[in-house]
file final_38.cif (mmCIF, C-alpha atoms)
data_entry
#
loop_
_atom_site.label_atom_id
_atom_site.label_comp_id
_atom_site.auth_asym_id
_atom_site.auth_seq_id
_atom_site.Cartn_x
_atom_site.Cartn_y
_atom_site.Cartn_z
CA MET A 1 12.62 -158.25 190.57
CA PRO A 2 13.61 -155.77 193.29
CA SER A 3 14.66 -157.29 196.55
CA LEU A 4 12.68 -156.73 199.73
CA LYS A 5 15.42 -154.50 201.04
CA ASP A 6 15.27 -152.26 197.96
CA ILE A 7 11.55 -151.69 198.38
CA LYS A 8 11.96 -151.03 202.09
CA THR A 9 14.57 -148.33 201.37
CA GLN A 10 12.32 -146.77 198.80
CA ILE A 11 9.40 -146.67 201.21
CA ASN A 12 11.60 -145.02 203.82
CA SER A 13 12.87 -142.37 201.45
CA VAL A 14 9.41 -141.51 200.16
CA GLY A 15 8.30 -141.36 203.79
CA SER A 16 10.92 -138.79 204.68
CA THR A 17 10.07 -136.75 201.59
CA LYS A 18 6.49 -136.78 202.75
CA LYS A 19 7.53 -135.54 206.15
CA ILE A 20 9.42 -132.65 204.58
CA THR A 21 6.64 -131.64 202.24
CA SER A 22 4.03 -131.74 204.95
CA ALA A 23 6.25 -129.61 207.18
CA MET A 24 6.74 -127.14 204.34
CA LYS A 25 3.03 -127.05 203.83
CA MET A 26 2.46 -126.17 207.45
CA VAL A 27 5.12 -123.46 207.37
CA ALA A 28 3.63 -122.00 204.21
CA ALA A 29 0.18 -122.02 205.77
CA SER A 30 1.29 -120.02 208.77
CA LYS A 31 3.32 -117.65 206.60
CA LEU A 32 0.31 -117.24 204.38
CA ARG A 33 -1.77 -116.06 207.27
CA ARG A 34 0.87 -113.51 208.21
CA SER A 35 1.28 -112.27 204.64
CA GLN A 36 -2.45 -111.95 204.25
CA GLU A 37 -2.68 -109.88 207.41
CA LYS A 38 0.10 -107.65 206.12
CA ALA A 39 -1.62 -107.22 202.80
CA GLU A 40 -4.84 -106.35 204.54
CA ALA A 41 -3.14 -103.88 206.85
CA ALA A 42 -1.72 -102.05 203.87
CA ARG A 43 -5.06 -101.74 202.18
CA PRO A 44 -6.47 -98.65 203.98
CA TYR A 45 -3.44 -96.58 203.03
CA SER A 46 -3.41 -97.46 199.37
CA SER A 47 -7.15 -97.11 198.93
CA ARG A 48 -7.10 -93.70 200.63
CA LEU A 49 -4.21 -92.60 198.48
CA GLU A 50 -6.02 -93.68 195.36
CA GLU A 51 -9.11 -91.75 196.37
CA MET A 52 -7.09 -88.62 196.96
CA LEU A 53 -5.32 -89.07 193.68
CA SER A 54 -8.46 -89.55 191.68
CA SER A 55 -9.94 -86.36 193.05
CA LEU A 56 -6.75 -84.53 192.14
CA ALA A 57 -6.02 -86.14 188.81
CA SER A 58 -8.23 -83.75 186.91
CA SER A 59 -6.13 -80.80 187.98
CA ALA A 60 -3.03 -82.12 186.22
CA ALA A 61 -2.97 -79.96 183.15
CA SER A 62 0.57 -79.75 181.90
CA GLY A 63 3.02 -82.62 181.46
CA GLU A 64 5.95 -81.04 183.25
CA GLY A 65 8.23 -82.40 185.99
CA ILE A 66 6.75 -84.87 188.42
CA ILE A 67 3.32 -84.58 186.84
CA LYS A 68 4.75 -86.70 184.04
CA LEU A 69 4.12 -89.70 186.27
CA LEU A 70 0.46 -89.10 185.58
CA THR A 71 0.37 -87.70 182.09
CA GLY A 72 3.17 -89.72 180.53
CA THR A 73 6.02 -88.55 178.36
CA GLY A 74 3.92 -88.38 175.23
CA ASN A 75 5.88 -91.28 173.81
CA ASP A 76 5.47 -95.01 173.99
CA GLN A 77 8.61 -96.33 172.40
CA ASN A 78 10.52 -97.53 175.44
CA TYR A 79 9.08 -99.95 177.95
CA VAL A 80 10.27 -101.28 181.26
CA VAL A 81 8.68 -104.53 182.33
CA VAL A 82 8.93 -105.57 185.97
CA PRO A 83 8.17 -109.26 186.58
CA VAL A 84 7.60 -109.95 190.26
CA SER A 85 8.44 -113.53 191.23
CA ALA A 86 9.45 -115.35 194.38
CA ASP A 87 12.99 -115.87 195.63
CA ARG A 88 12.47 -119.57 196.14
CA GLY A 89 10.98 -122.40 194.20
CA LEU A 90 8.84 -125.38 195.21
CA CYS A 91 5.68 -123.42 194.81
CA GLY A 92 4.03 -124.98 191.79
CA GLY A 93 3.57 -122.89 188.71
CA PHE A 94 3.93 -119.62 190.60
CA ASN A 95 7.25 -118.51 189.16
CA SER A 96 7.07 -120.15 185.78
CA SER A 97 3.72 -118.56 184.97
CA ILE A 98 5.16 -115.12 185.74
CA ASN A 99 8.17 -115.80 183.56
CA ARG A 100 6.08 -117.18 180.74
CA GLU A 101 3.66 -114.26 180.81
CA THR A 102 6.47 -111.70 180.92
CA PHE A 103 8.28 -113.42 178.08
CA LYS A 104 5.14 -113.31 175.98
CA LEU A 105 4.56 -109.66 176.80
CA VAL A 106 8.11 -108.69 175.90
CA LYS A 107 7.95 -110.57 172.63
CA SER A 108 4.65 -109.00 171.64
CA LEU A 109 5.89 -105.49 172.52
CA GLU A 110 9.03 -106.09 170.52
CA GLY A 111 6.91 -107.37 167.68
CA ASN A 112 5.25 -103.95 167.62
CA GLY A 113 8.63 -102.29 167.30
CA LYS A 114 8.99 -101.17 170.93
CA LYS A 115 12.18 -101.28 172.91
CA VAL A 116 11.81 -103.30 176.08
CA GLN A 117 13.99 -103.41 179.16
CA LEU A 118 13.55 -105.65 182.17
CA MET A 119 13.76 -105.10 185.88
CA PRO A 120 13.09 -108.48 187.48
CA VAL A 121 12.16 -108.72 191.13
CA GLY A 122 12.89 -112.03 192.85
CA LYS A 123 15.57 -114.63 192.22
CA LYS A 124 13.46 -116.90 190.08
CA SER A 125 12.66 -114.33 187.42
CA ARG A 126 16.13 -112.83 187.57
CA ASP A 127 17.71 -116.20 186.89
CA PHE A 128 15.28 -116.95 184.10
CA PHE A 129 15.79 -113.66 182.28
CA ASN A 130 19.52 -113.83 182.87
CA ARG A 131 19.41 -116.91 180.70
CA VAL A 132 17.09 -115.77 177.93
CA MET A 133 17.50 -112.00 177.58
CA LYS A 134 20.48 -111.02 179.62
CA ASP A 135 21.33 -107.79 177.80
CA GLN A 136 17.88 -106.30 178.42
CA ILE A 137 18.09 -106.40 182.20
CA ILE A 138 18.82 -102.98 183.63
CA GLU A 139 18.48 -103.83 187.29
CA SER A 140 17.30 -106.67 189.45
CA PHE A 141 16.08 -106.95 193.01
CA VAL A 142 16.43 -110.12 195.01
CA ASP A 143 16.05 -111.15 198.66
CA LEU A 144 13.53 -108.42 199.34
CA ASN A 145 11.71 -110.24 202.13
CA VAL A 146 8.85 -107.85 201.95
CA SER A 147 7.07 -109.33 204.95
CA SER A 148 9.94 -108.49 207.27
CA THR A 149 11.51 -105.38 205.74
CA GLY A 150 8.19 -103.82 204.86
CA TYR A 151 7.81 -100.57 203.01
CA GLU A 152 11.54 -99.88 202.64
CA SER A 153 11.95 -102.56 199.99
CA ALA A 154 9.22 -101.05 197.84
CA LEU A 155 10.70 -97.60 198.25
CA ASN A 156 13.98 -98.87 196.92
CA ILE A 157 12.46 -100.17 193.69
CA SER A 158 10.28 -97.13 193.26
CA ASN A 159 13.19 -94.71 193.65
CA GLN A 160 15.20 -96.53 191.03
CA LEU A 161 12.29 -96.60 188.62
CA GLN A 162 11.55 -92.92 189.05
CA GLU A 163 15.16 -91.96 188.61
CA LEU A 164 15.27 -93.79 185.30
CA TYR A 165 11.95 -92.32 184.28
CA PHE A 166 12.96 -88.74 184.88
CA ASP A 167 16.21 -89.39 183.05
CA GLY A 168 14.03 -90.21 180.09
CA LYS A 169 15.15 -93.83 179.94
CA PHE A 170 11.64 -95.19 179.41
CA ASP A 171 8.10 -94.07 178.72
CA LYS A 172 5.98 -96.81 180.20
CA CYS A 173 6.39 -99.26 183.02
CA ILE A 174 4.38 -102.44 183.36
CA LEU A 175 4.31 -104.73 186.37
CA VAL A 176 3.65 -108.44 185.92
CA PHE A 177 2.72 -110.16 189.15
CA ASN A 178 0.59 -112.84 190.72
CA LYS A 179 -2.57 -111.32 192.09
CA PHE A 180 -3.71 -113.02 195.25
CA LYS A 181 -7.23 -114.28 194.66
CA SER A 182 -7.57 -116.88 197.36
CA ALA A 183 -5.30 -119.19 199.29
CA ILE A 184 -5.27 -121.66 196.45
CA SER A 185 -5.49 -119.51 193.36
CA GLN A 186 -3.40 -116.71 191.97
CA GLU A 187 -3.92 -114.82 188.79
CA VAL A 188 -1.12 -113.44 186.66
CA THR A 189 -1.88 -109.77 186.25
CA GLN A 190 -0.36 -106.92 184.30
CA GLN A 191 -0.55 -103.45 185.73
CA GLN A 192 0.63 -100.26 184.14
CA LEU A 193 2.53 -98.36 186.80
CA ILE A 194 3.90 -95.39 184.87
CA PRO A 195 2.17 -93.35 183.63
CA LEU A 196 -0.51 -93.91 186.17
CA ASP A 197 -3.66 -95.52 184.91
CA VAL A 198 -6.50 -93.59 186.51
CA SER A 199 -9.30 -95.07 184.44
CA ASN A 200 -10.38 -97.36 187.28
CA SER A 201 -10.31 -94.78 189.98
CA GLU A 202 -12.14 -92.31 187.83
CA LYS A 203 -15.19 -94.51 187.94
CA GLU A 204 -15.09 -94.44 191.70
CA GLU A 205 -14.76 -90.72 191.57
CA GLU A 206 -17.99 -90.36 189.71
CA LYS A 207 -19.76 -92.22 192.44
CA GLU A 208 -18.39 -89.98 195.14
CA ASN A 209 -18.28 -86.86 193.09
CA SER A 210 -20.50 -84.92 195.42
CA SER A 211 -18.22 -85.46 198.40
CA ASN A 212 -14.99 -84.87 196.55
CA ALA A 213 -15.82 -81.72 194.73
CA ILE A 214 -15.40 -79.05 197.35
CA TYR A 215 -12.09 -79.61 199.09
CA ASP A 216 -9.76 -76.79 199.95
CA TYR A 217 -6.22 -77.61 199.04
CA GLU A 218 -3.26 -76.60 201.05
CA PRO A 219 -0.74 -75.43 199.75
CA ASP A 220 -2.42 -76.02 196.35
CA GLU A 221 -3.52 -78.85 194.14
CA GLU A 222 -0.39 -79.04 192.10
CA THR A 223 1.96 -79.17 195.08
CA ILE A 224 -0.08 -81.93 196.68
CA LEU A 225 -0.16 -83.84 193.43
CA LYS A 226 3.60 -83.55 193.15
CA ASP A 227 3.97 -85.07 196.59
CA LEU A 228 1.31 -87.64 196.01
CA LEU A 229 2.42 -89.12 192.69
CA PRO A 230 5.85 -90.48 193.69
CA LYS A 231 4.33 -91.88 196.89
CA ASN A 232 1.64 -93.54 194.87
CA VAL A 233 4.21 -95.33 192.73
CA SER A 234 5.91 -96.67 195.85
CA ILE A 235 2.69 -97.73 197.45
CA GLN A 236 1.52 -99.51 194.32
CA ILE A 237 4.78 -101.44 194.24
CA PHE A 238 4.42 -102.20 197.94
CA LYS A 239 0.92 -103.51 197.39
CA VAL A 240 2.06 -105.68 194.51
CA LEU A 241 4.97 -107.06 196.56
CA LEU A 242 2.65 -107.96 199.41
CA GLU A 243 0.12 -109.58 197.09
CA SER A 244 2.84 -111.55 195.40
CA ASP A 245 4.23 -112.63 198.77
CA ALA A 246 0.84 -113.84 199.94
CA GLY A 247 0.33 -115.55 196.58
CA GLU A 248 3.67 -117.29 196.85
CA GLN A 249 2.82 -118.75 200.23
CA GLY A 250 -0.58 -119.83 198.96
CA ALA A 251 0.94 -121.47 195.91
CA ARG A 252 3.55 -123.22 198.00
CA MET A 253 0.93 -124.47 200.40
CA ALA A 254 -1.11 -125.93 197.55
CA ALA A 255 1.94 -127.44 195.87
CA MET A 256 3.16 -129.02 199.08
CA ASP A 257 -0.30 -130.33 199.87
CA ASN A 258 -0.31 -132.07 196.51
CA ALA A 259 3.18 -133.42 197.05
CA THR A 260 2.23 -134.79 200.46
CA ARG A 261 -0.80 -136.51 199.03
CA ASN A 262 1.23 -137.99 196.18
CA ALA A 263 3.84 -139.26 198.61
CA GLY A 264 1.10 -140.91 200.66
CA GLU A 265 -0.27 -142.68 197.58
CA MET A 266 3.19 -143.81 196.59
CA ILE A 267 3.85 -145.23 200.03
CA ASP A 268 0.57 -147.15 199.87
CA SER A 269 1.39 -148.69 196.52
CA LEU A 270 4.96 -149.48 197.56
CA THR A 271 3.74 -151.14 200.73
CA LEU A 272 1.40 -153.29 198.67
CA LYS A 273 4.29 -154.26 196.42
CA TYR A 274 6.45 -155.01 199.43
CA ASN A 275 3.86 -157.33 200.93
CA ARG A 276 3.28 -159.11 197.63
CA THR A 277 6.98 -159.64 197.14
CA ARG A 278 7.37 -160.93 200.68
CA GLN A 279 4.49 -163.34 200.13
CA ALA A 280 6.06 -164.50 196.86
CA PHE A 281 9.35 -165.20 198.60
CA ILE A 282 7.67 -167.22 201.34
CA THR A 283 5.72 -169.24 198.80
CA LYS A 284 8.86 -169.89 196.81
CA GLU A 285 10.75 -171.04 199.88
CA LEU A 286 7.89 -173.33 200.92
CA ILE A 287 7.85 -174.90 197.46
CA GLU A 288 11.59 -175.48 197.70
CA ILE A 289 11.31 -177.11 201.12
CA ILE A 290 8.40 -179.31 200.08
CA SER A 291 9.99 -180.41 196.84
CA GLY A 292 13.23 -181.07 198.74
CA ALA A 293 11.38 -183.27 201.26
CA GLU A 294 9.62 -185.17 198.51
CA SER A 295 12.81 -186.03 196.73
CA ILE A 296 14.30 -187.76 199.78
CA MET B 1 -18.73 -81.36 222.96
CA ALA B 2 -18.66 -83.25 219.72
CA THR B 3 -15.94 -85.58 218.56
CA ILE B 4 -14.24 -86.14 215.27
CA SER B 5 -13.05 -89.51 214.08
CA PHE B 6 -9.35 -89.69 213.43
CA ASP B 7 -7.39 -92.25 211.40
CA LEU B 8 -3.62 -92.29 211.29
CA VAL B 9 -2.52 -94.65 208.54
CA SER B 10 0.96 -95.80 207.57
CA PRO B 11 1.68 -98.03 204.56
CA GLU B 12 2.15 -100.99 206.86
CA ASN B 13 -0.83 -100.61 209.15
CA LEU B 14 -3.53 -98.52 210.72
CA VAL B 15 -1.76 -96.82 213.61
CA PHE B 16 -4.56 -94.95 215.31
CA ASN B 17 -8.30 -95.02 214.87
CA ASP B 18 -10.66 -93.43 217.38
CA GLU B 19 -13.05 -90.62 218.16
CA VAL B 20 -11.11 -87.65 219.48
CA GLY B 21 -11.65 -84.03 220.43
CA THR B 22 -8.87 -82.15 218.69
CA ILE B 23 -5.98 -82.99 216.39
CA ILE B 24 -3.02 -80.84 215.44
CA VAL B 25 -1.24 -81.79 212.21
CA PRO B 26 1.91 -80.25 210.72
CA GLY B 27 0.66 -78.85 207.41
CA LYS B 28 3.16 -77.84 204.79
CA ASP B 29 2.45 -74.14 205.28
CA GLY B 30 1.86 -74.28 209.02
CA ASP B 31 0.20 -76.34 211.71
CA LEU B 32 -3.48 -77.10 211.41
CA GLY B 33 -5.69 -77.46 214.46
CA ILE B 34 -8.64 -79.64 213.65
CA LEU B 35 -11.85 -79.59 215.63
CA PRO B 36 -15.09 -81.41 214.86
CA GLY B 37 -16.90 -79.67 212.03
CA HIS B 38 -13.73 -78.50 210.31
CA SER B 39 -14.22 -77.48 206.69
CA LYS B 40 -13.03 -79.81 203.95
CA VAL B 41 -9.31 -79.52 203.46
CA MET B 42 -6.68 -81.64 201.78
CA SER B 43 -3.16 -80.80 202.80
CA SER B 44 0.28 -82.22 202.43
CA LEU B 45 2.37 -82.47 205.57
CA ARG B 46 5.89 -81.61 206.55
CA PRO B 47 7.89 -83.77 208.99
CA GLY B 48 6.62 -83.02 212.47
CA ARG B 49 4.29 -83.91 215.29
CA VAL B 50 0.72 -85.10 214.97
CA MET B 51 -0.93 -84.41 218.31
CA VAL B 52 -4.15 -86.06 219.41
CA TYR B 53 -6.32 -84.64 222.21
CA SER B 54 -9.36 -85.93 224.00
CA GLU B 55 -12.62 -84.01 224.18
CA ASP B 56 -11.54 -82.16 227.33
CA LYS B 57 -8.28 -81.09 225.69
CA ASN B 58 -5.97 -83.58 227.33
CA LEU B 59 -3.14 -84.84 225.18
CA ILE B 60 -3.75 -88.50 224.37
CA LYS B 61 -0.87 -89.25 222.07
CA SER B 62 1.71 -87.51 219.98
CA PHE B 63 3.22 -89.09 216.90
CA PHE B 64 6.10 -88.13 214.72
CA VAL B 65 5.40 -88.35 210.97
CA SER B 66 7.98 -87.93 208.25
CA GLY B 67 5.53 -86.21 205.94
CA GLY B 68 2.39 -87.31 204.19
CA PHE B 69 -1.12 -86.08 203.62
CA ALA B 70 -4.15 -85.12 205.62
CA GLU B 71 -7.69 -85.29 204.40
CA ILE B 72 -10.14 -83.44 206.58
CA ASN B 73 -13.90 -83.19 206.46
CA PRO B 74 -16.39 -82.21 209.15
CA GLU B 75 -16.75 -85.74 210.57
CA LYS B 76 -13.43 -87.32 209.85
CA CYS B 77 -9.74 -86.62 209.66
CA ILE B 78 -7.40 -89.03 207.90
CA VAL B 79 -3.64 -88.70 208.01
CA LEU B 80 -1.58 -90.76 205.59
CA ALA B 81 2.03 -90.81 206.70
CA GLU B 82 4.95 -92.72 205.33
CA SER B 83 6.55 -93.42 208.64
CA VAL B 84 4.91 -93.05 212.00
CA VAL B 85 6.56 -93.30 215.43
CA GLU B 86 5.32 -92.28 218.80
CA VAL B 87 7.28 -89.29 220.00
CA ASN B 88 7.83 -90.99 223.37
CA SER B 89 9.66 -93.87 221.75
CA LEU B 90 12.17 -91.67 219.91
CA GLU B 91 15.66 -91.71 221.38
CA LYS B 92 17.57 -88.50 221.47
CA THR B 93 21.06 -89.96 221.37
CA SER B 94 20.47 -92.22 218.40
CA ILE B 95 18.91 -89.39 216.40
CA GLU B 96 21.81 -87.08 217.19
CA LYS B 97 24.15 -89.76 215.95
CA GLU B 98 22.08 -90.16 212.80
CA ILE B 99 22.22 -86.43 212.16
CA GLN B 100 25.99 -86.43 212.52
CA GLU B 101 26.35 -89.30 210.08
CA LEU B 102 24.03 -87.67 207.58
CA GLU B 103 25.77 -84.32 207.78
CA ASN B 104 28.92 -85.94 206.48
CA LYS B 105 27.14 -87.45 203.53
CA GLU B 106 26.17 -85.64 200.39
CA GLY B 107 23.40 -86.04 197.88
CA LYS B 108 19.75 -85.28 197.64
CA GLU B 109 18.56 -88.34 199.49
CA SER B 110 20.63 -87.83 202.59
CA GLU B 111 19.61 -84.17 202.61
CA GLU B 112 16.02 -85.24 202.84
CA GLN B 113 16.82 -87.75 205.56
CA LEU B 114 18.69 -85.05 207.41
CA SER B 115 15.75 -82.71 207.44
CA VAL B 116 13.54 -85.54 208.71
CA ALA B 117 16.04 -86.38 211.44
CA LYS B 118 16.30 -82.74 212.47
CA ALA B 119 12.53 -82.52 212.65
CA LYS B 120 12.58 -85.63 214.84
CA LEU B 121 15.00 -84.02 217.23
CA GLU B 122 12.86 -80.91 217.36
CA ALA B 123 9.79 -83.03 218.04
CA ILE B 124 11.46 -84.40 221.18
CA ASN B 125 12.76 -81.11 222.40
CA VAL B 126 9.77 -78.87 222.04
CA ASN B 127 6.76 -78.96 224.29
CA TYR B 128 4.38 -76.42 222.89
CA TYR B 129 0.96 -77.86 222.15
CA ASP B 130 1.39 -80.16 225.15
CA LYS B 131 -1.40 -78.15 226.71
CA ILE B 132 -4.01 -76.43 224.62
#
call {"tool": "encode", "arguments": {"input": "final_38.cif", "output": "structure tokens"}}
result
Amino acid sequence: MPSLKDIKTQINSVGSTKKITSAMKMVAASKLRRSQEKAEAARPYSSRLEEMLSSLASSAASGEGIIKLLTGTGNDQNYVVVPVSADRGLCGGFNSSINRETFKLVKSLEGNGKKVQLMPVGKKSRDFFNRVMKDQIIESFVDLNVSSTGYESALNISNQLQELYFDGKFDKCILVFNKFKSAISQEVTQQQLIPLDVSNSEKEEEKENSSNAIYDYEPDEETILKDLLPKNVSIQIFKVLLESDAGEQGARMAAMDNATRNAGEMIDSLTLKYNRTRQAFITKELIEIISGAESI
Amino acid sequence: MATISFDLVSPENLVFNDEVGTIIVPGKDGDLGILPGHSKVMSSLRPGRVMVYSEDKNLIKSFFVSGGFAEINPEKCIVLAESVVEVNSLEKTSIEKEIQELENKEGKESEEQLSVAKAKLEAINVNYYDKI
């Protein structure tokens, strides 16, 4: 039977854990708000860019030079998979679901005879893939801090990716990230980044076809497209980074909320145990005193 | 006189959004003056100044953009720029220093940065379009 002092120490330690988790929850909540604002602020740019792109996409005839970002290399042997995770843990299943999903994707691609390379973003996925498939990592990005460094961090990744692409190192690039659905739920999503998947935006184009049809282009469509495509890759990455950042904060908030609640329950049950034990001791002592008095 | 709605958007936020009289944007092949009722144009931009004027032709704001795109239709003008700074907040000395540093470097990337920095310096020094 644990002594009273043991239980008391346990209660205290659970209490301080609770304090920490509830503080972390509050921090995550305020960071979440900021990340969400950032993600929302970035939305006009990316949606505009997509609209422009969809109205231009039809003019991409040949698969030469930069246009290859849109039309592809004509091959699909070599893949680059970019899992986007957080740099820090304590956010529930956020990181592990990314890692699991990416692992599955890589295995299934390899099962179809493709060659897969990895470019993890965030410490948690880097560390994971360093353990399981170290020789397939071509590059990793950690400590991006997208909410403070902003667009620069996305530009960095995008430049590296494009360099490799134009060197002919890979044919397709897929992003795996947590899509921010609401403050408490994220959805692991795969997005094909290169070559650009315009199937979604084409639907939008049909809706607005009348307004898009008669633009004058300056200098000309192809030049604009050549400028637009690399920017689009960067902005897509930026969007994904922001979504993932917001998702991370949301996941951490939920995880810490749970932890705080659990700690509260544990303290309640420990307190009950403490009181019972104390009562038992008192009763025992009383019995000893009484039986001592009787024997005299 | 009519107005045209003008959005200046950077990847991080919406920088400017209002009804204005005239806008001048640095198109790739030359500056474009945009008045309400402009025909539909899509243009890519070179590094330079985006100037915004009120209905009675007074300069409201001038921004420096490092390139981007403009989408223009009769009611609306949207400029998507990768980096946007107000020309007033640019500092001559720090840009000159940047240019010096970049001139010593080689490579495609620093060449690009150099041309942007030079355009920045020009944006501070010139004053045409201040009055239209």
call {"tool": "resolve_selection", "arguments": {"input": "final_38.cif", "expression": "the PyMOL selection byres ((chain B and resi 117) around 12)", "output": "number ranges by chain"}}
result
B: 47-48, 64-67, 90-103, 110-116, 118-124
call {"tool": "write_last_selection", "arguments": {"input": "final_38.cif", "atoms": "C-alpha atoms", "output": "PDB file, in the frame of the given file"}}
result
ATOM      1  CA  PRO B  47       7.890 -83.770 208.990  1.00  0.00           C
ATOM      2  CA  GLY B  48       6.620 -83.020 212.470  1.00  0.00           C
ATOM      3  CA  PHE B  64       6.100 -88.130 214.720  1.00  0.00           C
ATOM      4  CA  VAL B  65       5.400 -88.350 210.970  1.00  0.00           C
ATOM      5  CA  SER B  66       7.980 -87.930 208.250  1.00  0.00           C
ATOM      6  CA  GLY B  67       5.530 -86.210 205.940  1.00  0.00           C
ATOM      7  CA  LEU B  90      12.170 -91.670 219.910  1.00  0.00           C
ATOM      8  CA  GLU B  91      15.660 -91.710 221.380  1.00  0.00           C
ATOM      9  CA  LYS B  92      17.570 -88.500 221.470  1.00  0.00           C
ATOM     10  CA  THR B  93      21.060 -89.960 221.370  1.00  0.00           C
ATOM     11  CA  SER B  94      20.470 -92.220 218.400  1.00  0.00           C
ATOM     12  CA  ILE B  95      18.910 -89.390 216.400  1.00  0.00           C
ATOM     13  CA  GLU B  96      21.810 -87.080 217.190  1.00  0.00           C
ATOM     14  CA  LYS B  97      24.150 -89.760 215.950  1.00  0.00           C
ATOM     15  CA  GLU B  98      22.080 -90.160 212.800  1.00  0.00           C
ATOM     16  CA  ILE B  99      22.220 -86.430 212.160  1.00  0.00           C
ATOM     17  CA  GLN B 100      25.990 -86.430 212.520  1.00  0.00           C
ATOM     18  CA  GLU B 101      26.350 -89.300 210.080  1.00  0.00           C
ATOM     19  CA  LEU B 102      24.030 -87.670 207.580  1.00  0.00           C
ATOM     20  CA  GLU B 103      25.770 -84.320 207.780  1.00  0.00           C
ATOM     21  CA  SER B 110      20.630 -87.830 202.590  1.00  0.00           C
ATOM     22  CA  GLU B 111      19.610 -84.170 202.610  1.00  0.00           C
ATOM     23  CA  GLU B 112      16.020 -85.240 202.840  1.00  0.00           C
ATOM     24  CA  GLN B 113      16.820 -87.750 205.560  1.00  0.00           C
ATOM     25  CA  LEU B 114      18.690 -85.050 207.410  1.00  0.00           C
ATOM     26  CA  SER B 115      15.750 -82.710 207.440  1.00  0.00           C
ATOM     27  CA  VAL B 116      13.540 -85.540 208.710  1.00  0.00           C
ATOM     28  CA  LYS B 118      16.300 -82.740 212.470  1.00  0.00           C
ATOM     29  CA  ALA B 119      12.530 -82.520 212.650  1.00  0.00           C
ATOM     30  CA  LYS B 120      12.580 -85.630 214.840  1.00  0.00           C
ATOM     31  CA  LEU B 121      15.000 -84.020 217.230  1.00  0.00           C
ATOM     32  CA  GLU B 122      12.860 -80.910 217.360  1.00  0.00           C
ATOM     33  CA  ALA B 123       9.790 -83.030 218.040  1.00  0.00           C
ATOM     34  CA  ILE B 124      11.460 -84.400 221.180  1.00  0.00           C
TER      35      ILE B 124
END
call {"tool": "closest_residue", "arguments": {"input": "final_38.cif", "among": "B:Val85, B:Val15, B:Ala2, B:Ile23", "to": "Val52 in chain B", "atoms": "all atoms listed in the file"}}
result
B:Ile23
call {"tool": "residues_around", "arguments": {"input": "final_38.cif", "residues": "range 29-43 of chain B", "least_positions_apart": "6", "cutoff": "7 Å", "atoms": "all atoms listed in the file", "output": "ChimeraX atom specification"}}
result
/A:215-219,224 /B:2-4,21-23,69-75
call {"tool": "closest_residue", "arguments": {"input": "final_38.cif", "among": "B:Glu12, B:Glu55, B:Glu106, B:Asp130", "to": "chain A", "atoms": "only C-alpha atoms"}}
result
B:Glu12
call {"tool": "resolve_selection", "arguments": {"input": "final_38.cif", "expression": "the PyMOL selection byres ((chain A and resi 168-180) around 8)", "output": "ChimeraX atom specification"}}
result
/A:72-85,94,98,101-102,164-167,181-183,185-195,240,243-244,246-247
call {"tool": "interface_residues", "arguments": {"input": "final_38.cif", "of": "chain A", "to": "chain B", "cutoff": "10 Å", "atoms": "only C-alpha atoms", "output": "PyMOL selection string"}}
result
chain A and resi 37-46+48-49+52+147+150-151+211-221+223-228+231+234-235+238-239
call {"tool": "resolve_selection", "arguments": {"input": "final_38.cif", "expression": "the PyMOL selection byres ((chain B and resi 61) around 10)", "output": "list in words"}}
result
Phe16, Ile23, Val50, Met51, Val52, Tyr53, Ser54, Asn58, Leu59, Ile60, Ser62, Phe63, Glu86, Val87, Asn88 and Asp130 of chain B
call {"tool": "closest_residue", "arguments": {"input": "final_38.cif", "among": "A:Asp257, A:Asp87, A:Glu285, A:Glu152", "to": "Phe128 in chain A", "atoms": "only C-alpha atoms"}}
result
A:Asp87
call {"tool": "atom_distance", "arguments": {"input": "final_38.cif", "atom1": "CA of Leu229 in chain A", "atom2": "CA of Ser158 in chain A"}}
result
11.2 Å
call {"tool": "atom_distance", "arguments": {"input": "final_38.cif", "atom1": "CA of Asn95 in chain A", "atom2": "CA of Leu161 in chain A"}}
result
22.5 Å
call {"tool": "residues_around", "arguments": {"input": "final_38.cif", "residues": "range 15-28 of chain A", "least_positions_apart": "5", "cutoff": "8 Å", "atoms": "all atoms listed in the file", "output": "list in words"}}
result
Gln249, Gly250, Arg252, Met253, Ala254, Met256, Asp257, Ala259, Thr260, Ala263, Gly264 and Ile267 of chain A
call {"tool": "decode", "arguments": {"input": "final_38.cif", "residues": "range 10-27 of chain B", "atoms": "C-alpha atoms", "output": "compact mmCIF listing (two decimals), in the first residue's frame"}}
result
# COMPACT_ATOMS: atom_id res chain seq x y z
CA SER B 10 1.23 39.75 -52.37
CA PRO B 11 1.52 36.09 -51.35
CA GLU B 12 1.34 37.09 -47.71
CA ASN B 13 -1.54 39.54 -47.77
CA LEU B 14 -3.77 41.95 -49.61
CA VAL B 15 -1.73 45.14 -49.70
CA PHE B 16 -4.12 47.59 -51.30
CA ASN B 17 -7.78 47.40 -52.14
CA ASP B 18 -9.79 50.47 -53.09
CA GLU B 19 -11.57 52.38 -55.81
CA VAL B 20 -9.08 54.59 -57.62
CA GLY B 21 -8.87 56.86 -60.65
CA THR B 22 -5.74 55.77 -62.46
CA ILE B 23 -3.05 53.14 -61.99
CA ILE B 24 0.31 52.87 -63.71
CA VAL B 25 1.91 49.41 -63.72
CA PRO B 26 5.32 48.40 -65.06
CA GLY B 27 4.44 45.94 -67.83
